[in-house]
$ cat input_15.cif   # mmCIF, C-alpha atoms
data_upload
loop_
_atom_site.label_atom_id
_atom_site.label_comp_id
_atom_site.auth_asym_id
_atom_site.auth_seq_id
_atom_site.Cartn_x
_atom_site.Cartn_y
_atom_site.Cartn_z
CA MET I 1 -100.58 -166.77 -44.47
CA SER I 2 -99.32 -164.25 -46.94
CA THR I 3 -95.74 -163.16 -46.97
CA SER I 4 -94.13 -159.83 -47.84
CA ARG I 5 -90.85 -158.09 -47.25
CA ALA I 6 -91.82 -157.96 -43.58
CA GLY I 7 -93.05 -161.54 -44.00
CA VAL I 8 -95.86 -162.84 -41.76
CA VAL I 9 -94.34 -166.10 -40.57
CA PRO I 10 -96.41 -168.83 -38.88
CA VAL I 11 -94.65 -170.22 -35.80
CA ALA I 12 -95.29 -173.19 -33.56
CA ALA I 13 -94.26 -171.28 -30.44
CA GLU I 14 -97.07 -170.01 -28.26
CA VAL I 15 -95.09 -167.35 -26.41
CA CYS I 16 -92.60 -164.67 -27.42
CA VAL I 17 -90.16 -163.68 -24.67
CA ILE I 18 -88.43 -160.35 -25.30
CA GLY I 19 -84.98 -160.22 -23.70
CA ALA I 20 -82.48 -162.89 -22.65
CA GLY I 21 -81.01 -161.33 -19.54
CA LEU I 22 -81.60 -162.60 -16.02
CA SER I 23 -85.36 -161.96 -16.17
CA GLY I 24 -85.87 -163.25 -19.70
CA LEU I 25 -84.03 -166.47 -18.95
CA ALA I 26 -86.14 -166.96 -15.82
CA ALA I 27 -89.30 -166.55 -17.92
CA ALA I 28 -87.99 -168.92 -20.59
CA HIS I 29 -87.08 -171.54 -17.96
CA ALA I 30 -90.54 -171.39 -16.37
CA LEU I 31 -92.22 -171.83 -19.76
CA ALA I 32 -89.94 -174.72 -20.69
CA ALA I 33 -90.62 -176.43 -17.36
CA ARG I 34 -94.33 -176.53 -18.19
CA GLY I 35 -93.77 -177.68 -21.77
CA ILE I 36 -94.91 -174.40 -23.32
CA GLY I 37 -93.45 -173.56 -26.72
CA PHE I 38 -91.65 -170.22 -26.92
CA VAL I 39 -88.99 -168.19 -28.69
CA CYS I 40 -86.77 -165.66 -26.95
CA LEU I 41 -85.71 -162.60 -28.96
CA GLU I 42 -82.51 -160.94 -27.78
CA ARG I 43 -81.14 -157.76 -29.36
CA SER I 44 -77.54 -158.46 -28.31
CA ALA I 45 -75.26 -161.13 -29.72
CA ASP I 46 -75.62 -163.47 -26.72
CA VAL I 47 -77.58 -164.04 -23.53
CA GLY I 48 -76.72 -162.24 -20.28
CA GLY I 49 -78.16 -158.75 -20.64
CA ILE I 50 -76.27 -155.93 -18.95
CA TRP I 51 -73.85 -158.36 -17.31
CA ARG I 52 -72.15 -159.34 -20.57
CA GLN I 53 -72.06 -155.86 -22.10
CA PRO I 54 -68.83 -154.56 -20.49
CA GLY I 55 -66.84 -157.67 -21.47
CA ALA I 56 -68.28 -157.56 -24.99
CA GLY I 57 -67.47 -153.88 -25.36
CA GLU I 58 -71.13 -153.10 -26.00
CA PRO I 59 -72.78 -149.84 -24.94
CA GLY I 60 -75.17 -150.12 -22.04
CA PRO I 61 -75.75 -149.29 -18.39
CA ALA I 62 -72.98 -151.61 -17.15
CA TYR I 63 -69.28 -150.80 -16.71
CA LEU I 64 -66.11 -152.82 -16.20
CA SER I 65 -66.02 -152.39 -12.41
CA LEU I 66 -69.61 -153.62 -12.02
CA HIS I 67 -70.17 -156.26 -9.30
CA LEU I 68 -73.25 -157.69 -7.66
CA ASN I 69 -74.53 -155.78 -4.66
CA SER I 70 -76.50 -158.84 -3.56
CA ALA I 71 -75.02 -162.07 -2.24
CA ARG I 72 -74.56 -164.86 -4.78
CA GLN I 73 -76.69 -167.21 -2.63
CA LEU I 74 -79.75 -165.02 -3.25
CA THR I 75 -78.86 -164.01 -6.81
CA GLY I 76 -78.57 -167.42 -8.45
CA TYR I 77 -81.59 -169.28 -9.80
CA GLU I 78 -83.35 -171.60 -7.37
CA ASP I 79 -82.46 -174.89 -9.08
CA PHE I 80 -79.14 -173.67 -10.50
CA PRO I 81 -77.19 -171.94 -7.70
CA MET I 82 -74.13 -169.84 -8.41
CA PRO I 83 -70.94 -171.90 -7.93
CA ASP I 84 -69.47 -171.88 -4.42
CA ASP I 85 -66.05 -170.93 -5.77
CA LEU I 86 -67.34 -167.54 -6.88
CA PRO I 87 -66.83 -164.61 -4.51
CA LEU I 88 -69.76 -163.49 -2.41
CA TYR I 89 -70.25 -160.54 -4.78
CA PRO I 90 -69.20 -161.72 -8.26
CA GLY I 91 -68.11 -159.31 -10.98
CA HIS I 92 -69.87 -158.83 -14.30
CA ARG I 93 -67.78 -161.46 -16.13
CA ASP I 94 -68.66 -164.14 -13.58
CA VAL I 95 -72.34 -163.24 -13.67
CA ALA I 96 -72.39 -163.24 -17.47
CA ALA I 97 -70.69 -166.65 -17.57
CA TYR I 98 -73.14 -167.97 -14.98
CA LEU I 99 -76.16 -166.81 -16.98
CA ARG I 100 -74.85 -168.38 -20.16
CA SER I 101 -74.10 -171.61 -18.32
CA PHE I 102 -77.67 -171.61 -17.00
CA ALA I 103 -79.04 -171.16 -20.53
CA GLU I 104 -76.83 -173.99 -21.82
CA ARG I 105 -77.56 -176.47 -19.03
CA THR I 106 -81.31 -175.93 -19.20
CA GLY I 107 -81.52 -176.13 -22.99
CA LEU I 108 -82.73 -172.57 -23.39
CA LEU I 109 -80.13 -171.53 -25.97
CA ALA I 110 -81.96 -173.47 -28.67
CA HIS I 111 -84.93 -171.12 -28.19
CA VAL I 112 -82.93 -167.85 -28.18
CA GLU I 113 -82.56 -165.78 -31.35
CA PRO I 114 -79.58 -163.47 -30.69
CA GLY I 115 -79.05 -160.30 -32.65
CA THR I 116 -82.81 -159.89 -33.07
CA GLU I 117 -84.37 -156.53 -32.32
CA VAL I 118 -88.09 -156.25 -31.66
CA LEU I 119 -89.51 -153.40 -33.70
CA SER I 120 -93.18 -153.56 -32.76
CA VAL I 121 -95.72 -155.57 -30.79
CA ARG I 122 -99.42 -155.14 -31.51
CA ARG I 123 -102.61 -156.95 -30.59
CA GLU I 124 -104.65 -158.33 -33.48
CA ALA I 125 -108.43 -158.48 -33.75
CA ASP I 126 -108.37 -162.23 -33.02
CA GLY I 127 -106.55 -161.64 -29.72
CA SER I 128 -103.14 -162.81 -30.94
CA TRP I 129 -100.02 -160.68 -30.74
CA ALA I 130 -98.08 -159.70 -33.87
CA VAL I 131 -94.37 -159.29 -33.19
CA THR I 132 -92.25 -157.61 -35.87
CA SER I 133 -88.50 -158.07 -35.50
CA ARG I 134 -85.26 -157.52 -37.40
CA ASP I 135 -82.67 -160.29 -37.32
CA ALA I 136 -78.88 -160.06 -37.29
CA ARG I 137 -78.78 -160.03 -41.10
CA GLY I 138 -81.25 -157.17 -41.33
CA GLY I 139 -84.21 -159.29 -42.37
CA VAL I 140 -87.59 -158.11 -41.06
CA SER I 141 -90.35 -160.57 -40.21
CA GLU I 142 -93.69 -160.63 -38.43
CA ARG I 143 -94.78 -163.55 -36.28
CA ARG I 144 -98.00 -164.24 -34.40
CA PHE I 145 -98.08 -165.43 -30.78
CA GLY I 146 -100.76 -166.08 -28.23
CA HIS I 147 -98.72 -164.40 -25.51
CA VAL I 148 -95.83 -161.94 -25.16
CA VAL I 149 -93.54 -161.65 -22.13
CA VAL I 150 -91.60 -158.38 -21.95
CA ALA I 151 -88.39 -159.01 -19.99
CA SER I 152 -86.08 -156.43 -21.52
CA GLY I 153 -85.42 -154.50 -18.30
CA HIS I 154 -85.94 -150.87 -17.40
CA HIS I 155 -82.45 -149.47 -18.06
CA THR I 156 -83.68 -148.27 -21.43
CA GLU I 157 -83.22 -144.57 -22.14
CA PRO I 158 -80.57 -142.48 -20.35
CA ALA I 159 -82.22 -139.83 -18.18
CA MET I 160 -80.33 -136.55 -18.28
CA PRO I 161 -81.57 -133.57 -16.26
CA ALA I 162 -84.35 -131.62 -17.94
CA GLU I 163 -82.03 -128.63 -17.90
CA LEU I 164 -78.26 -128.66 -17.69
CA PRO I 165 -76.60 -126.03 -15.49
CA PRO I 166 -76.27 -122.50 -16.87
CA GLY I 167 -73.20 -122.26 -19.05
CA ALA I 168 -73.30 -125.89 -20.16
CA ASP I 169 -72.94 -124.78 -23.78
CA SER I 170 -69.66 -123.14 -22.88
CA PHE I 171 -68.20 -126.09 -20.96
CA ALA I 172 -64.86 -126.93 -22.56
CA GLY I 173 -64.82 -130.53 -21.37
CA THR I 174 -66.95 -133.60 -22.05
CA ILE I 175 -70.47 -134.09 -20.69
CA LEU I 176 -71.70 -137.67 -20.76
CA HIS I 177 -74.23 -140.02 -19.18
CA SER I 178 -73.20 -143.09 -17.22
CA VAL I 179 -74.49 -145.24 -20.11
CA ASP I 180 -71.38 -144.14 -22.02
CA TYR I 181 -68.98 -144.83 -19.14
CA ARG I 182 -66.93 -148.02 -19.39
CA ASP I 183 -63.74 -147.79 -17.30
CA GLY I 184 -61.90 -145.35 -15.09
CA SER I 185 -58.69 -145.80 -17.07
CA ASP I 186 -60.37 -143.93 -19.94
CA PHE I 187 -60.11 -140.82 -17.73
CA ALA I 188 -56.54 -141.29 -16.48
CA GLY I 189 -55.03 -137.97 -15.42
CA ARG I 190 -58.25 -136.05 -16.04
CA ARG I 191 -60.42 -134.06 -13.63
CA VAL I 192 -63.92 -135.51 -13.42
CA VAL I 193 -67.16 -134.51 -11.70
CA VAL I 194 -69.67 -137.31 -11.11
CA VAL I 195 -73.29 -136.23 -10.63
CA GLY I 196 -75.56 -138.51 -8.63
CA MET I 197 -75.46 -140.56 -5.44
CA GLY I 198 -77.21 -143.71 -6.64
CA ALA I 199 -75.53 -147.06 -7.22
CA SER I 200 -73.88 -146.11 -10.50
CA GLY I 201 -72.81 -142.71 -9.17
CA VAL I 202 -70.86 -144.06 -6.20
CA ASP I 203 -69.50 -147.02 -8.21
CA ILE I 204 -68.22 -144.77 -10.97
CA ALA I 205 -66.81 -142.17 -8.56
CA THR I 206 -64.98 -144.96 -6.72
CA ASP I 207 -63.65 -146.41 -9.96
CA LEU I 208 -62.54 -143.02 -11.28
CA SER I 209 -60.76 -142.18 -8.03
CA ARG I 210 -58.14 -144.82 -8.86
CA HIS I 211 -57.33 -143.28 -12.24
CA ALA I 212 -58.43 -139.65 -12.49
CA ALA I 213 -56.32 -136.71 -11.34
CA ARG I 214 -59.30 -135.49 -9.32
CA THR I 215 -62.73 -137.01 -8.66
CA VAL I 216 -65.61 -134.90 -7.37
CA LEU I 217 -69.01 -136.32 -6.38
CA SER I 218 -71.84 -133.80 -6.80
CA VAL I 219 -74.93 -134.65 -4.72
CA ARG I 220 -78.36 -133.03 -5.04
CA ARG I 221 -80.33 -135.28 -2.70
CA ALA I 222 -78.71 -137.66 -0.27
CA LEU I 223 -79.59 -141.34 -0.08
CA HIS I 224 -78.76 -143.69 2.77
CA ILE I 225 -75.38 -145.31 2.08
CA VAL I 226 -75.50 -148.92 3.25
CA PRO I 227 -72.41 -151.16 3.32
CA LYS I 228 -72.71 -154.56 1.70
CA GLN I 229 -72.24 -156.19 5.09
CA LEU I 230 -73.36 -155.43 8.63
CA PHE I 231 -72.36 -157.53 11.63
CA GLY I 232 -70.30 -159.67 9.22
CA MET I 233 -73.40 -160.63 7.19
CA SER I 234 -74.47 -159.56 3.72
CA VAL I 235 -77.25 -157.02 4.19
CA ASP I 236 -79.60 -158.90 1.85
CA LEU I 237 -79.07 -162.07 3.88
CA ILE I 238 -80.02 -160.07 6.97
CA ALA I 239 -83.11 -158.79 5.18
CA ASP I 240 -83.99 -162.38 4.26
CA ALA I 241 -83.69 -163.70 7.82
CA PRO I 242 -86.94 -164.77 9.57
CA TRP I 243 -86.10 -162.72 12.67
CA PHE I 244 -85.81 -159.60 10.52
CA HIS I 245 -89.17 -160.26 8.84
CA ALA I 246 -90.76 -160.73 12.26
CA MET I 247 -90.12 -157.05 13.04
CA SER I 248 -92.52 -154.28 12.14
CA LEU I 249 -91.39 -151.72 9.53
CA ALA I 250 -90.68 -149.21 12.30
CA GLU I 251 -88.58 -151.79 14.19
CA ARG I 252 -86.64 -152.70 11.03
CA ARG I 253 -85.95 -149.04 10.38
CA THR I 254 -84.67 -148.49 13.91
CA PHE I 255 -82.47 -151.61 13.74
CA ILE I 256 -80.86 -150.64 10.42
CA GLU I 257 -80.43 -146.96 11.24
CA GLN I 258 -78.72 -147.82 14.53
CA ALA I 259 -76.51 -150.39 12.77
CA LEU I 260 -75.57 -147.80 10.16
CA TYR I 261 -74.67 -145.27 12.82
CA VAL I 262 -72.37 -147.82 14.49
CA ALA I 263 -70.83 -148.88 11.17
CA ARG I 264 -70.18 -145.48 9.62
CA GLY I 265 -71.43 -142.65 11.82
CA ARG I 266 -73.26 -139.74 10.21
CA GLN I 267 -72.98 -139.12 6.49
CA SER I 268 -72.41 -135.45 7.25
CA ASP I 269 -69.14 -136.51 8.90
CA TYR I 270 -67.94 -137.29 5.36
CA GLY I 271 -69.06 -133.99 3.86
CA LEU I 272 -72.22 -135.52 2.42
CA PRO I 273 -75.73 -134.24 3.13
CA GLU I 274 -77.89 -136.22 5.53
CA PRO I 275 -80.83 -138.05 3.93
CA ASP I 276 -84.11 -136.16 4.29
CA HIS I 277 -86.09 -139.38 4.74
CA PRO I 278 -85.97 -142.51 6.92
CA VAL I 279 -84.41 -145.69 5.59
CA PHE I 280 -86.78 -147.92 3.54
CA SER I 281 -88.75 -144.90 2.32
CA SER I 282 -86.57 -144.42 -0.76
CA ALA I 283 -83.83 -146.26 -2.59
CA VAL I 284 -80.63 -146.94 -0.67
CA THR I 285 -77.13 -146.87 -2.10
CA ILE I 286 -75.13 -150.03 -1.46
CA SER I 287 -71.39 -149.38 -1.27
CA ASP I 288 -68.48 -150.58 0.80
CA GLU I 289 -66.04 -148.14 -0.77
CA ILE I 290 -67.36 -144.64 -1.39
CA LEU I 291 -67.08 -143.43 2.20
CA SER I 292 -63.58 -144.85 2.49
CA ARG I 293 -62.53 -143.12 -0.76
CA ILE I 294 -63.90 -139.85 0.61
CA ARG I 295 -62.03 -140.30 3.89
CA HIS I 296 -58.82 -141.02 1.98
CA GLY I 297 -59.21 -137.82 -0.04
CA ALA I 298 -59.67 -139.70 -3.30
CA VAL I 299 -63.25 -138.46 -3.79
CA LEU I 300 -64.32 -134.91 -2.91
CA PRO I 301 -68.06 -134.48 -2.10
CA LYS I 302 -69.78 -131.33 -3.33
CA PRO I 303 -73.36 -130.06 -3.58
CA VAL I 304 -75.31 -129.60 -6.81
CA ILE I 305 -73.65 -127.86 -9.78
CA ALA I 306 -74.75 -124.21 -9.98
CA SER I 307 -73.11 -123.22 -13.27
CA LEU I 308 -70.41 -124.02 -15.80
CA ASP I 309 -67.92 -121.71 -17.47
CA GLY I 310 -65.20 -123.07 -19.73
CA ASN I 311 -63.46 -125.70 -17.61
CA LEU I 312 -64.81 -124.22 -14.39
CA VAL I 313 -67.58 -125.99 -12.45
CA ARG I 314 -69.27 -123.87 -9.77
CA PHE I 315 -71.24 -125.53 -6.98
CA ALA I 316 -74.20 -124.32 -4.94
CA ASP I 317 -72.00 -123.70 -1.88
CA GLY I 318 -69.97 -121.10 -3.79
CA THR I 319 -66.92 -123.31 -4.30
CA SER I 320 -65.61 -124.28 -7.72
CA THR I 321 -63.25 -126.72 -9.41
CA GLU I 322 -61.80 -127.18 -12.86
CA ALA I 323 -62.98 -130.26 -14.70
CA ASP I 324 -62.31 -132.05 -17.96
CA ALA I 325 -65.44 -134.22 -17.86
CA ILE I 326 -68.82 -134.47 -16.13
CA VAL I 327 -70.49 -137.87 -15.83
CA TYR I 328 -74.23 -137.71 -15.14
CA CYS I 329 -75.32 -140.79 -13.17
CA THR I 330 -78.93 -139.73 -13.20
CA GLY I 331 -80.62 -143.00 -14.04
CA PHE I 332 -82.77 -144.25 -16.86
CA ARG I 333 -86.31 -143.89 -18.14
CA MET I 334 -88.43 -146.95 -18.61
CA ALA I 335 -89.33 -147.03 -22.28
CA PHE I 336 -90.68 -149.77 -24.51
CA PRO I 337 -90.93 -148.15 -27.94
CA PHE I 338 -92.05 -151.39 -29.54
CA LEU I 339 -95.26 -151.55 -27.47
CA PRO I 340 -98.59 -150.17 -28.69
CA ALA I 341 -100.18 -146.98 -27.40
CA GLY I 342 -102.20 -147.50 -24.25
CA VAL I 343 -99.78 -149.87 -22.56
CA PRO I 344 -99.04 -148.36 -19.14
CA THR I 345 -95.26 -148.66 -19.52
CA ALA I 346 -94.82 -147.39 -23.07
CA GLY I 347 -92.32 -144.62 -22.39
CA ARG I 348 -94.41 -142.70 -19.84
CA GLU I 349 -93.17 -141.05 -16.67
CA GLU I 350 -96.42 -141.72 -14.81
CA ALA I 351 -96.92 -144.58 -12.38
CA VAL I 352 -96.60 -148.04 -13.93
CA GLU I 353 -100.05 -149.61 -13.69
CA LEU I 354 -99.65 -153.39 -13.70
CA TYR I 355 -101.70 -155.94 -11.78
CA ARG I 356 -99.39 -157.68 -9.32
CA ARG I 357 -96.63 -155.73 -11.15
CA VAL I 358 -96.96 -158.12 -14.12
CA VAL I 359 -100.25 -157.79 -16.06
CA ALA I 360 -101.71 -154.85 -17.96
CA PRO I 361 -105.50 -154.93 -17.43
CA GLY I 362 -107.43 -155.07 -20.67
CA LEU I 363 -104.51 -156.50 -22.65
CA PRO I 364 -104.77 -160.29 -22.20
CA GLY I 365 -101.67 -162.20 -23.18
CA LEU I 366 -99.19 -159.39 -22.41
CA TYR I 367 -96.96 -159.81 -19.35
CA PHE I 368 -93.99 -158.00 -17.81
CA VAL I 369 -91.28 -159.88 -15.93
CA GLY I 370 -88.59 -157.99 -13.99
CA LEU I 371 -90.24 -154.55 -14.14
CA ILE I 372 -89.72 -154.14 -10.39
CA ARG I 373 -87.15 -152.58 -8.07
CA PRO I 374 -86.69 -154.57 -4.88
CA ALA I 375 -84.41 -153.72 -1.98
CA GLY I 376 -82.32 -156.82 -2.58
CA SER I 377 -81.81 -159.49 -5.20
CA ILE I 378 -84.41 -159.61 -7.96
CA THR I 379 -83.86 -163.24 -8.98
CA ARG I 380 -86.35 -165.02 -6.73
CA LEU I 381 -88.96 -162.42 -7.60
CA VAL I 382 -88.65 -162.81 -11.36
CA GLU I 383 -88.70 -166.59 -10.97
CA ALA I 384 -91.95 -166.33 -9.00
CA GLN I 385 -93.38 -163.93 -11.57
CA SER I 386 -92.36 -166.30 -14.37
CA ARG I 387 -93.94 -169.34 -12.74
CA TRP I 388 -97.20 -167.43 -12.39
CA VAL I 389 -97.07 -166.26 -16.01
CA ALA I 390 -96.45 -169.83 -17.19
CA ARG I 391 -99.50 -171.02 -15.24
CA LEU I 392 -101.57 -168.23 -16.76
CA VAL I 393 -100.42 -169.25 -20.24
CA ASP I 394 -101.30 -172.95 -19.85
CA GLY I 395 -104.59 -172.25 -18.08
CA HIS I 396 -103.67 -173.49 -14.59
CA ALA I 397 -104.15 -169.97 -13.23
CA ALA I 398 -106.61 -167.28 -14.20
CA LEU I 399 -106.84 -163.51 -13.94
CA PRO I 400 -109.70 -161.68 -12.26
CA ALA I 401 -111.87 -159.21 -14.15
CA ALA I 402 -110.19 -156.05 -15.39
CA ASP I 403 -111.97 -153.84 -12.84
CA VAL I 404 -110.71 -156.07 -10.00
CA MET I 405 -107.17 -155.80 -11.35
CA ARG I 406 -107.45 -152.02 -11.60
CA LYS I 407 -108.64 -151.83 -7.99
CA GLU I 408 -105.59 -153.83 -6.84
CA ILE I 409 -103.35 -151.45 -8.76
CA GLU I 410 -105.05 -148.44 -7.18
CA VAL I 411 -104.58 -149.82 -3.66
CA TYR I 412 -100.96 -150.74 -4.37
CA LEU I 413 -100.06 -147.33 -5.81
CA SER I 414 -101.79 -145.63 -2.89
CA GLY I 415 -99.52 -147.53 -0.51
CA ILE I 416 -96.49 -146.67 -2.62
CA GLU I 417 -97.37 -142.97 -2.56
CA GLU I 418 -97.81 -143.03 1.21
CA ARG I 419 -94.43 -144.70 1.76
CA TYR I 420 -92.24 -143.35 -1.04
CA GLY I 421 -94.05 -140.45 -2.64
CA LEU I 422 -94.51 -140.47 -6.39
CA ALA I 423 -91.03 -139.71 -7.66
CA THR I 424 -90.10 -141.30 -10.97
CA GLY I 425 -89.56 -145.01 -10.57
CA THR I 426 -91.18 -145.49 -7.19
CA SER I 427 -94.25 -147.24 -8.63
CA VAL I 428 -92.20 -150.37 -9.36
CA ARG I 429 -90.74 -150.70 -5.87
CA VAL I 430 -91.51 -153.92 -4.00
CA ASP I 431 -90.55 -155.50 -0.69
CA VAL I 432 -88.96 -158.89 -1.32
CA GLY I 433 -90.68 -160.88 1.41
CA SER I 434 -94.21 -159.53 1.05
CA TYR I 435 -94.09 -159.66 -2.74
CA LEU I 436 -92.94 -163.28 -2.74
CA ARG I 437 -95.83 -164.16 -0.42
CA GLU I 438 -98.22 -162.27 -2.67
CA LEU I 439 -97.09 -164.20 -5.77
CA ALA I 440 -97.22 -167.51 -3.92
CA GLU I 441 -100.92 -167.00 -3.28
CA LEU I 442 -101.80 -166.54 -6.97
#

$ encode --input "input_15.cif" --output "structure tokens"
Amino acid sequence: MSTSRAGVVPVAAEVCVIGAGLSGLAAAHALAARGIGFVCLERSADVGGIWRQPGAGEPGPAYLSLHLNSARQLTGYEDFPMPDDLPLYPGHRDVAAYLRSFAERTGLLAHVEPGTEVLSVRREADGSWAVTSRDARGGVSERRFGHVVVASGHHTEPAMPAELPPGADSFAGTILHSVDYRDGSDFAGRRVVVVGMGASGVDIATDLSRHAARTVLSVRRALHIVPKQLFGMSVDLIADAPWFHAMSLAERRTFIEQALYVARGRQSDYGLPEPDHPVFSSAVTISDEILSRIRHGAVLPKPVIASLDGNLVRFADGTSTEADAIVYCTGFRMAFPFLPAGVPTAGREEAVELYRRVVAPGLPGLYFVGLIRPAGSITRLVEAQSRWVARLVDGHAALPAADVMRKEIEVYLSGIEERYGLATGTSVRVDVGSYLRELAEL
């Protein structure tokens, strides 16, 4: 092979795994278990993904107060459980240490290239995949692989509203996205408005309420707030119980909605809007604290921001408050700028079209692991995805024809639209139990 500044480098590895977070390590472990050669390219300085970023002081979607919302029993890898001495919901430092320990114990670190950013991935005429990357020293190289596993997550590009409120240009304070939020102490004594009622919104509002002079939570559309535990059990352990799976969707909805009413009453009792949809038909917000902080006067709920003027924030209900900062917790766009045109997840807002949520029809050798949003822990799902990918790579499993895969995608997205609608991000939603059964049959 010829070499140049970008250097085409022959490699013995058959697979390139992009990302060394929870999903990337699961993929790497599955490949190693089947004796498949691979390299794992990680942009950060170490393994662990978003869980190590706050402790390392790196920018990203995580923050210092970040903890698991799923129980450790369901979040650890199958053959490497999280230690029993960890709390039920470990913090980011514990999770990061656990992931690195997993990579060490399983010998995966030898295959990881930290500080390596993937610049482009393209399919060659011979069916191989050319991966161009830049290493920690700035050197650029191109390597050829038979297969590529994208496991870099979907917290990629911060999603700000298409239009900020009128008067945003005149706002005298700071407007930022949650990706730039690290710790509530950075806002000590300041007046802050948090926009968004998703997981990061309620986490950040709760964290700020212990440091800021005033914390306001601005809500456009209400989500169901679910405590981490009901009846003394972690909600994801309830969702994993056989008796819960034996219920129909309607019965599960009734059970959870009644349990929520007993546990917390109506959300409108806290000054929050009521959800306009039944539970399990949209994302839920897991939080033990936000309602308590509202009841204690530490967080003030408000509707959507109507306009800004200097330090003044006006809300849709006609009320207003002075603020020094606004934190938009409005999510992220899935973007994979290194992927070629035509890949159904390359920075588009449309539905993600992947067979069994993993394979792009017509692009053999390209797989996605972890590009899903379950209502519960993702770990078992990415392990099942990874085992299937490894069997596809070594020939012990095969894909159907492209038209068959496209039909499965069409049926799946039709069901998603019926249940969730087609809001951004809904096309990657999966139910843990049914998806695990689906993968087990492949």

$ resolve_selection --input "input_15.cif" --expression "the PyMOL selection byres ((chain I and resi 201-213) around 7)" --output "NGL selection string"
:I and (65 or 184-185 or 187-192 or 194-200 or 214-215 or 217 or 289-290 or 293 or 298-299 or 329)

$ resolve_selection --input "input_15.cif" --expression "the PyMOL selection byres ((chain I and resi 154) around 10)" --output "PyMOL selection string"
chain I and resi 151-153+155-157+332-336+345+370-373+425

$ resolve_selection --input "input_15.cif" --expression "the PyMOL selection byres ((chain I and resi 357) around 10)" --output "list in words"
Val352, Glu353, Leu354, Tyr355, Arg356, Val358, Val359, Ala360, Tyr367, Phe368, Val369, Gly370, Leu371, Ile372, Gln385, Ile409, Tyr412, Ser427, Val428, Arg429, Val430 and Tyr435 of chain I

$ residues_near_point --input "input_15.cif" --point "(-96.2, -161.3, -21.7)" --cutoff "7 Å" --atoms "only C-alpha atoms" --output "PyMOL selection string"
chain I and resi 147-150+365-368

$ atom_distance --input "input_15.cif" --atom1 "CA of Asp46 in chain I" --atom2 "CA of Leu176 in chain I"
26.8 Å

$ atom_distance --input "input_15.cif" --atom1 "CA of Arg137 in chain I" --atom2 "CA of Ser120 in chain I"
17.9 Å

$ closest_residue --input "input_15.cif" --among "I:Ala30, I:Ala62, I:Leu363, I:Leu312" --to "Asp180 in chain I" --atoms "all atoms listed in the file"
I:Ala62

$ closest_residue --input "input_15.cif" --among "I:Val313, I:Leu223, I:Ala13, I:Leu439" --to "Gly173 in chain I" --atoms "all atoms listed in the file"
I:Val313

$ atom_distance --input "input_15.cif" --atom1 "CA of Arg123 in chain I" --atom2 "CA of Gly362 in chain I"
11.2 Å

$ closest_residue --input "input_15.cif" --among "I:Val15, I:Val235, I:Gly115, I:Ala103" --to "Ser44 in chain I" --atoms "all atoms listed in the file"
I:Gly115

$ closest_residue --input "input_15.cif" --among "I:Ile305, I:Val216, I:Val327, I:Leu339" --to "Ile18 in chain I" --atoms "all atoms listed in the file"
I:Leu339

$ residues_near_point --input "input_15.cif" --point "(-80.3, -137.4, -23.7)" --cutoff "12 Å" --atoms "all atoms listed in the file" --output "ChimeraX atom specification"
/I:156-164,175-180,328,330-333

$ residues_around --input "input_15.cif" --residues "Pro361 in chain I" --least-positions-apart "3" --cutoff "7 Å" --atoms "all atoms listed in the file" --output "short mmCIF file (atom, residue, chain, number, x, y, z; two decimals) with C-alpha atoms, in the frame of the given file"
data_model
loop_
_atom_site.label_atom_id
_atom_site.label_comp_id
_atom_site.auth_asym_id
_atom_site.auth_seq_id
_atom_site.Cartn_x
_atom_site.Cartn_y
_atom_site.Cartn_z
CA TYR I 355 -101.70 -155.94 -11.78
CA ALA I 402 -110.19 -156.05 -15.39
CA MET I 405 -107.17 -155.80 -11.35
CA ARG I 406 -107.45 -152.02 -11.60
#

$ closest_residue --input "input_15.cif" --among "I:Ala56, I:Val404, I:Val112, I:Leu272" --to "Gly19 in chain I" --atoms "all atoms listed in the file"
I:Val112

$ closest_residue --input "input_15.cif" --among "I:Arg380, I:Arg34, I:His92, I:Arg72" --to "Gly433 in chain I" --atoms "all atoms listed in the file"
I:Arg380

$ residues_around --input "input_15.cif" --residues "Phe145 in chain I" --least-positions-apart "3" --cutoff "12 Å" --atoms "only C-alpha atoms" --output "JSON, numbers by chain"
{"I": [8, 9, 10, 11, 12, 13, 14, 15, 16, 17, 37, 38, 39, 40, 121, 122, 123, 124, 126, 127, 128, 129, 130, 131, 132, 142, 148, 149, 365, 366, 393]}
